[in-house]
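The structure appears below as structure tokens.
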Amino acid sequence: MLFNDVVAASATVRATRSRKAKIAALAELLAAADPAEIGTIVAWLSGELVQGRIGAGWRTVAGLQTTPSTAAQLTVDAVDDTFSQLTGLSGAGSTLRRRELLTTLFTAATADEQAFLIRLLTGELRQGALTAIVIEALAEATGIPVAVVRRAHMLSGALPATAAAAVTGGARALAAFRLEVGRPVAPMLASPGGSLDEALAELGPQVSVEHKLDGARIQVHRDGDRVWVFTRTLRDITASVPELVELVAGLDCTAVVLDGETLALTDAGRPRPFQETMSRFATVGDTRELLLHPYFFDCLHLDGDDLLDEPLRVRRAALERVAGRHSIPALLDPDAAAAAASYDDALAVGNEGVMVKSLDAPYAAGRRGKAWQKIKPAHTLDLLVLGAEWGYGRRTGKLSNLHLGALDPDTGEPVMVGKTFKGLTDELLRWQTAEFPRHETHRDEQTVYLRPELVVEIALDGVQTSTRYPGGVALRFARVLRYRPDKEPAQADTIDAVRALGVRPAGPQD
């Protein structure tokens with residue numbers, strides 16, 4: 001297949017807000033591709049390279065001075081082969097050889113192909129929200145039910161591998177994917193809930209009520225003496241968390257996969273700030289000054305038995321059996337008074353609130369309805385930073401007022417829902433001013449516009465109708481709580497989640 005076919009399909013996707021049109025364009029592309037090319041094409045469409053990092057970022061490609069080709073001649077295989085050659089470069093002369101390879105590639109590319117290559121290599125195409133659309137396009141192209149493709153992706157953890165199996169082996173090949181100890185599973189996510197009473201009314205009496213910790217998501221795997229620890233984004237951090245490895249290695253089992261959170265505690269046993277916990281994920285060496293404590297809330301596998309499709313009630317029993325005191329305490333089937341008491345206790349000990357989970361629900365990647373709901377005293381949303389305005393007064397010279405967006409589940413694109421400069425400390429202002437240009441797409445006199453890559457947690461009093469923003473709603477009294485480096489853009493909240501907080505009419509005071 002010509003590389004230009006991929007570029008043209010990507011351009012079609014970028015040019016339309018219609019989810020149906022996006023899926024149709026990608027499905028047509030995938031149906032026409034050679035099976036051996038599918039994995040590579042799917043990776044590119046999701047903004048990734050099958051080779052991972054190849055040492056060709058913005059600084060490398062920005063300095064290339066090449067005249068584009070007037071005819072599309074590059075093939076998918078040729079471009080992928082160049083990326084593979086770049087991956088293997090190291091040592092003396094590697095910088096020169098890297099530039100030679102890229103110059104040859106860009107000289108053979110048309111103007112549109114060059115633009116695509118730059119976006120691909122610099123991360124501008126990396127929008128995780130597009131993965132859901134690629135999955136649906138793959139289902140349409142192969143005639144396989146989307147639920148089967150989605151489940152295989154959850155278990156494989158790699159969209160290219162899922163796509164290749166779908167094209168070459170069909171539904172039977174996808175059904176062969178199983179949970180593999182040592183290979184991370186895409187995590188199940190919670191939706192923002194309204195009030196505790198509303199969550200209990202919606203999910204019914206058969207629920208689990210658990211403390212909502214202000215920690216970092218982890219998934220641990222153990223197979224005999226081997227232990228792995230992964231983050232929410234499936235990054236392997238085993239080498240950075242020896243205390244967690246030691247604890248999991250000591251559990252009374254042979255093989256296990258646990259989902260949970262970890263956090264650092266003060267001497268008084270209260271949670272330390274989230275940023276302190278996250279700092280440990282990048283630490284290798286002496287960790288005695290800031291030990292992490294795990295709190296598990298789910299068990300996906302235990303000694304040969306896969307539990308993903310079992311209801312939470314069954315998974316919870318397995319969790320308590322293997323993790324014991326390291327599992328987050330849960331109230332099963334509580335009445336309203338007991339649930340309220342658990343909520344009050346969670347806040348009293350420094351936790352964020354509670355999680356209300358259906359005991360009948362299986363484990364599913366992503367937001368699948370509202371089987372898990374997080375209940376907090378103040379509304380919070382994880383939103384995307386779309387831009388920032390230069391400050392004034394004491395904030396002159398600092399990037400301050402944030403443009404905030406939620407994901408449109410139909411298109412995978414961000415929808416602006418408000419702005420805020422509240423809650424920004426001097427430290428955050430300095431960080432934003434240094435970091436945001438690395439994600440910049442363009443700027444005008446007042447605003448620096450960003451690729452939707454940074455997730456920020458926002459507290460708000462609610463939402464109101466608005467004609468100012470394309471989603472028809474605006475945040476009320478929004479304020480920054482923290483950035484979420486543990487979350488991918490695709491894990492930001494949707495515009496539906498924003499609206500679900502309860503839209504009130506805009507009033508004169510707003």
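By convention here, the chains of the structure tokens are called A, B, ... in the order presented, each chain's residues are numbered starting at 1, and ligands are numbered starting at 1 in the order presented.
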
* **Test item, helix (DSSP H, G or I) assignment across range 305-438 of chain A, answer as a ChimeraX atom specification** => /A:312-326,336-348,393-395,426-438

Would you save the residues from that selection as a PDB file, in the first residue's frame, using C-alpha atoms?
```pdb
ATOM      1  CA  LEU A 312     -17.139  -8.164  41.327  1.00  0.00           C
ATOM      2  CA  ARG A 313     -18.559 -10.153  44.234  1.00  0.00           C
ATOM      3  CA  VAL A 314     -16.507 -13.184  43.137  1.00  0.00           C
ATOM      4  CA  ARG A 315     -13.405 -11.124  42.346  1.00  0.00           C
ATOM      5  CA  ARG A 316     -13.688  -9.398  45.724  1.00  0.00           C
ATOM      6  CA  ALA A 317     -13.693 -12.737  47.547  1.00  0.00           C
ATOM      7  CA  ALA A 318     -10.543 -13.791  45.665  1.00  0.00           C
ATOM      8  CA  LEU A 319      -8.932 -10.438  46.471  1.00  0.00           C
ATOM      9  CA  GLU A 320      -9.524 -10.762  50.198  1.00  0.00           C
ATOM     10  CA  ARG A 321      -8.272 -14.321  50.109  1.00  0.00           C
ATOM     11  CA  VAL A 322      -4.935 -13.451  48.522  1.00  0.00           C
ATOM     12  CA  ALA A 323      -4.288  -9.821  49.506  1.00  0.00           C
ATOM     13  CA  GLY A 324      -5.864  -9.774  52.968  1.00  0.00           C
ATOM     14  CA  ARG A 325      -4.967  -6.605  54.850  1.00  0.00           C
ATOM     15  CA  HIS A 326      -3.559  -5.038  51.689  1.00  0.00           C
ATOM     16  CA  ALA A 336     -27.965   3.916  53.067  1.00  0.00           C
ATOM     17  CA  ALA A 337     -26.904   4.701  56.636  1.00  0.00           C
ATOM     18  CA  ALA A 338     -23.863   2.414  56.526  1.00  0.00           C
ATOM     19  CA  ALA A 339     -22.814   3.789  53.144  1.00  0.00           C
ATOM     20  CA  ALA A 340     -23.078   7.359  54.433  1.00  0.00           C
ATOM     21  CA  ALA A 341     -21.003   6.474  57.494  1.00  0.00           C
ATOM     22  CA  SER A 342     -18.296   4.975  55.237  1.00  0.00           C
ATOM     23  CA  TYR A 343     -18.290   8.157  53.147  1.00  0.00           C
ATOM     24  CA  ASP A 344     -17.844  10.334  56.240  1.00  0.00           C
ATOM     25  CA  ASP A 345     -15.064   8.074  57.507  1.00  0.00           C
ATOM     26  CA  ALA A 346     -13.246   8.254  54.157  1.00  0.00           C
ATOM     27  CA  LEU A 347     -13.169  12.045  54.325  1.00  0.00           C
ATOM     28  CA  ALA A 348     -12.155  12.041  57.998  1.00  0.00           C
ATOM     29  CA  GLY A 393      -0.057  41.821  36.940  1.00  0.00           C
ATOM     30  CA  ARG A 394       2.088  39.584  39.102  1.00  0.00           C
ATOM     31  CA  ARG A 395       1.596  36.812  36.518  1.00  0.00           C
ATOM     32  CA  ASP A 426       3.590  30.040  41.711  1.00  0.00           C
ATOM     33  CA  GLU A 427       5.231  26.649  41.252  1.00  0.00           C
ATOM     34  CA  LEU A 428       2.558  25.520  38.770  1.00  0.00           C
ATOM     35  CA  LEU A 429       2.802  28.806  36.872  1.00  0.00           C
ATOM     36  CA  ARG A 430       6.551  28.327  36.464  1.00  0.00           C
ATOM     37  CA  TRP A 431       6.062  24.724  35.386  1.00  0.00           C
ATOM     38  CA  GLN A 432       3.352  25.598  32.849  1.00  0.00           C
ATOM     39  CA  THR A 433       5.435  28.359  31.299  1.00  0.00           C
ATOM     40  CA  ALA A 434       8.362  25.982  30.795  1.00  0.00           C
ATOM     41  CA  GLU A 435       6.355  22.898  29.788  1.00  0.00           C
ATOM     42  CA  PHE A 436       3.563  24.190  27.547  1.00  0.00           C
ATOM     43  CA  PRO A 437       5.782  25.262  24.609  1.00  0.00           C
ATOM     44  CA  ARG A 438       6.799  21.606  24.270  1.00  0.00           C
TER      45      ARG A 438
END
```

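Residues in contact with Ser400 in chain A at up to 10 Å, not including ones fewer than 3 positions away on its chain and judged by only C-alpha atoms, are Gly387, Ala388, Glu389, Trp390, Gly391, Tyr392, Arg395, Thr396, Gly397, His403, Thr420, Phe421, Lys422, Leu424, Leu428, Leu429, Arg430, Gln432, Thr433 and Thr447 of chain A.
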
Contacts of range 362-430 of chain A with range 463-474 of chain A up to 7 Å, shortest pair per row, only C-alpha atoms, as a Markdown table:
```
| residue | atom | partner | partner_atom | distance |
| --- | --- | --- | --- | --- |
| A:Val415 | CA | A:Gly471 | CA | 6.1 |
| A:Met416 | CA | A:Tyr469 | CA | 6.0 |
| A:Val417 | CA | A:Ala474 | CA | 5.0 |
| A:Gly418 | CA | A:Ala474 | CA | 5.4 |
```

Can you list every residue in range 120-208 of chain A that DSSP puts in strand (DSSP E), as a PDB file with N, CA and C atoms, in the first residue's frame?
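What follows is the written file out_23.pdb:
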```
ATOM      1  N   SER A 191     -16.608   6.404  36.416  1.00  0.00           N
ATOM      2  CA  SER A 191     -17.248   7.633  35.950  1.00  0.00           C
ATOM      3  C   SER A 191     -17.525   8.537  37.136  1.00  0.00           C
ATOM      4  N   PRO A 192     -17.496   9.857  36.942  1.00  0.00           N
ATOM      5  CA  PRO A 192     -17.890  10.753  38.031  1.00  0.00           C
ATOM      6  C   PRO A 192     -19.362  10.538  38.382  1.00  0.00           C
ATOM      7  N   VAL A 207     -24.128  -3.463  45.952  1.00  0.00           N
ATOM      8  CA  VAL A 207     -22.960  -2.661  45.592  1.00  0.00           C
ATOM      9  C   VAL A 207     -21.865  -2.858  46.633  1.00  0.00           C
ATOM     10  N   SER A 208     -20.672  -2.437  46.226  1.00  0.00           N
ATOM     11  CA  SER A 208     -19.540  -2.333  47.137  1.00  0.00           C
ATOM     12  C   SER A 208     -19.227  -0.854  47.299  1.00  0.00           C
TER      13      SER A 208
END
```

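Counting only C-alpha atoms, Ala166 in chain A has the following residues at most 9 Å away, ignoring those fewer than 5 positions along the same chain: Leu138, Ala139, Thr142, Ile144, Val149, Ala161, Ala171, Arg172, Ala173 and Leu174 of chain A.
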
Restricting the output to N, CA and C atoms, write the selected residues as a compact mmCIF listing (two decimals), in the first residue's frame.
```
# COMPACT_ATOMS: atom_id res chain seq x y z
N LEU A 138 -11.79 -1.10 12.64
CA LEU A 138 -11.28 -2.45 12.46
C LEU A 138 -12.42 -3.46 12.46
N ALA A 139 -13.37 -3.25 13.36
CA ALA A 139 -14.54 -4.14 13.41
C ALA A 139 -15.35 -4.05 12.12
N THR A 142 -13.49 -5.76 9.12
CA THR A 142 -13.37 -7.23 9.19
C THR A 142 -14.70 -7.94 9.39
N ILE A 144 -16.16 -8.22 12.23
CA ILE A 144 -16.14 -8.81 13.57
C ILE A 144 -16.86 -7.88 14.54
N VAL A 149 -13.52 -7.20 19.30
CA VAL A 149 -12.27 -6.48 19.05
C VAL A 149 -11.83 -5.72 20.29
N ALA A 161 -1.17 -5.53 17.48
CA ALA A 161 -1.29 -6.98 17.59
C ALA A 161 -2.74 -7.43 17.45
N ALA A 171 -12.45 -13.54 14.04
CA ALA A 171 -12.97 -13.55 15.40
C ALA A 171 -12.36 -14.66 16.23
N ARG A 172 -12.07 -15.80 15.58
CA ARG A 172 -11.48 -16.93 16.32
C ARG A 172 -10.11 -16.55 16.88
N ALA A 173 -9.31 -15.83 16.08
CA ALA A 173 -7.98 -15.42 16.55
C ALA A 173 -8.10 -14.42 17.69
N LEU A 174 -9.07 -13.52 17.61
CA LEU A 174 -9.27 -12.56 18.70
C LEU A 174 -9.75 -13.25 19.96
```

* Within 10 Å of range 407-414 of chain A, counting only C-alpha atoms, which residues show up once you throw out same-chain ones fewer than 5 positions away? Write them as a ChimeraX atom specification, please. => /A:13-14,16-23,127-133,383-386,452,471,489-498

* **Residue neighbourhood Leu179 in chain A, 9 Å, only C-alpha atoms, exclusion window fewer than 3 positions, as a list in words** =>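 Those residues are Met154, Leu155, Ser156, Arg183, Pro184, Val185, Leu300, His301, Asp306 and Leu308 of chain A.
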
Deliver the residues from the most recent selection as a file, using N, CA and C atoms, as an mmCIF file, in the first residue's frame.
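Heads up, here's the output in result.cif:
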```
data_model
loop_
_atom_site.group_PDB
_atom_site.id
_atom_site.type_symbol
_atom_site.label_atom_id
_atom_site.label_comp_id
_atom_site.auth_asym_id
_atom_site.auth_seq_id
_atom_site.Cartn_x
_atom_site.Cartn_y
_atom_site.Cartn_z
ATOM 1 N N MET A 154 -8.189 -5.094 25.003
ATOM 2 C CA MET A 154 -7.992 -4.993 26.446
ATOM 3 C C MET A 154 -6.993 -6.037 26.936
ATOM 4 N N LEU A 155 -7.098 -7.245 26.404
ATOM 5 C CA LEU A 155 -6.260 -8.333 26.883
ATOM 6 C C LEU A 155 -4.858 -8.305 26.266
ATOM 7 N N SER A 156 -4.751 -7.830 25.031
ATOM 8 C CA SER A 156 -3.438 -7.801 24.385
ATOM 9 C C SER A 156 -2.628 -6.596 24.826
ATOM 10 N N ARG A 183 1.692 -9.477 31.218
ATOM 11 C CA ARG A 183 1.298 -8.527 30.178
ATOM 12 C C ARG A 183 0.141 -7.692 30.721
ATOM 13 N N PRO A 184 0.297 -6.365 30.837
ATOM 14 C CA PRO A 184 -0.726 -5.545 31.493
ATOM 15 C C PRO A 184 -2.044 -5.527 30.733
ATOM 16 N N VAL A 185 -3.108 -5.369 31.474
ATOM 17 C CA VAL A 185 -4.467 -5.294 30.943
ATOM 18 C C VAL A 185 -4.930 -3.842 31.028
ATOM 19 N N LEU A 300 -7.838 -9.933 39.157
ATOM 20 C CA LEU A 300 -8.183 -10.328 37.796
ATOM 21 C C LEU A 300 -7.749 -11.751 37.464
ATOM 22 N N HIS A 301 -6.833 -12.285 38.251
ATOM 23 C CA HIS A 301 -6.346 -13.646 38.016
ATOM 24 C C HIS A 301 -5.794 -14.181 39.326
ATOM 25 N N ASP A 306 -8.703 -17.139 35.418
ATOM 26 C CA ASP A 306 -8.982 -15.784 34.973
ATOM 27 C C ASP A 306 -10.337 -15.347 35.528
ATOM 28 N N LEU A 308 -11.734 -12.062 34.978
ATOM 29 C CA LEU A 308 -12.241 -10.850 34.339
ATOM 30 C C LEU A 308 -13.753 -10.884 34.138
#
```

* How many Å lie between CA of Ala478 in chain A and CA of Lys212 in chain A, rounded to one decimal? ->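 Result for CA of Ala478 in chain A versus CA of Lys212 in chain A: 21.5 Å, one decimal.
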
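In this model, the gap between CA of Gly353 in chain A and CA of Gly193 in chain A comes to 11.0 Å.
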
Residue neighbourhood Ala176 in chain A, 10 Å, only C-alpha atoms, exclusion window fewer than 6 positions, as a short mmCIF file (atom, residue, chain, number, x, y, z; two decimals) with C-alpha atoms, in the first residue's frame:
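Output contents, as saved in result_33.cif:
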```cif
data_model
loop_
_atom_site.label_atom_id
_atom_site.label_comp_id
_atom_site.auth_asym_id
_atom_site.auth_seq_id
_atom_site.Cartn_x
_atom_site.Cartn_y
_atom_site.Cartn_z
CA ALA A 152 -9.05 -8.56 22.53
CA ALA A 165 -4.93 -11.01 14.57
CA GLY A 169 -7.43 -14.94 11.86
#
```

* To do: Compile the contact shell of Thr66 in chain A as number ranges by chain: residues with an atom at most 7 Å away, counting only C-alpha atoms, same-chain residues fewer than 3 positions apart removed.
  => A: 103, 106-107

Go ahead and save the picked residues with N, CA and C atoms, as a PDB file, in the first residue's frame.
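The result, stored in out17.pdb:
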```pdb
ATOM      1  N   THR A 103      16.669  12.414   5.741  1.00  0.00           N
ATOM      2  CA  THR A 103      16.706  13.256   4.544  1.00  0.00           C
ATOM      3  C   THR A 103      16.242  12.473   3.324  1.00  0.00           C
ATOM      4  N   PHE A 106      12.377  12.022   3.696  1.00  0.00           N
ATOM      5  CA  PHE A 106      11.605  13.241   3.476  1.00  0.00           C
ATOM      6  C   PHE A 106      11.714  13.716   2.021  1.00  0.00           C
ATOM      7  N   THR A 107      12.838  13.468   1.367  1.00  0.00           N
ATOM      8  CA  THR A 107      12.985  13.855  -0.038  1.00  0.00           C
ATOM      9  C   THR A 107      12.045  13.048  -0.934  1.00  0.00           C
TER      10      THR A 107
END
```

* Find the residue from A:Ala71, A:Val181, A:Leu381, A:Leu332 that sits nearest to Met355 in chain A; use only C-alpha atoms when measuring. =>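 When distances to Met355 in chain A are compared using only C-alpha atoms, the smallest one comes from A:Leu332.
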
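Using only C-alpha atoms, the smallest distance between any of A:Val241, A:Leu200, A:Ala163, A:Leu234 and Val356 in chain A comes from A:Leu200.
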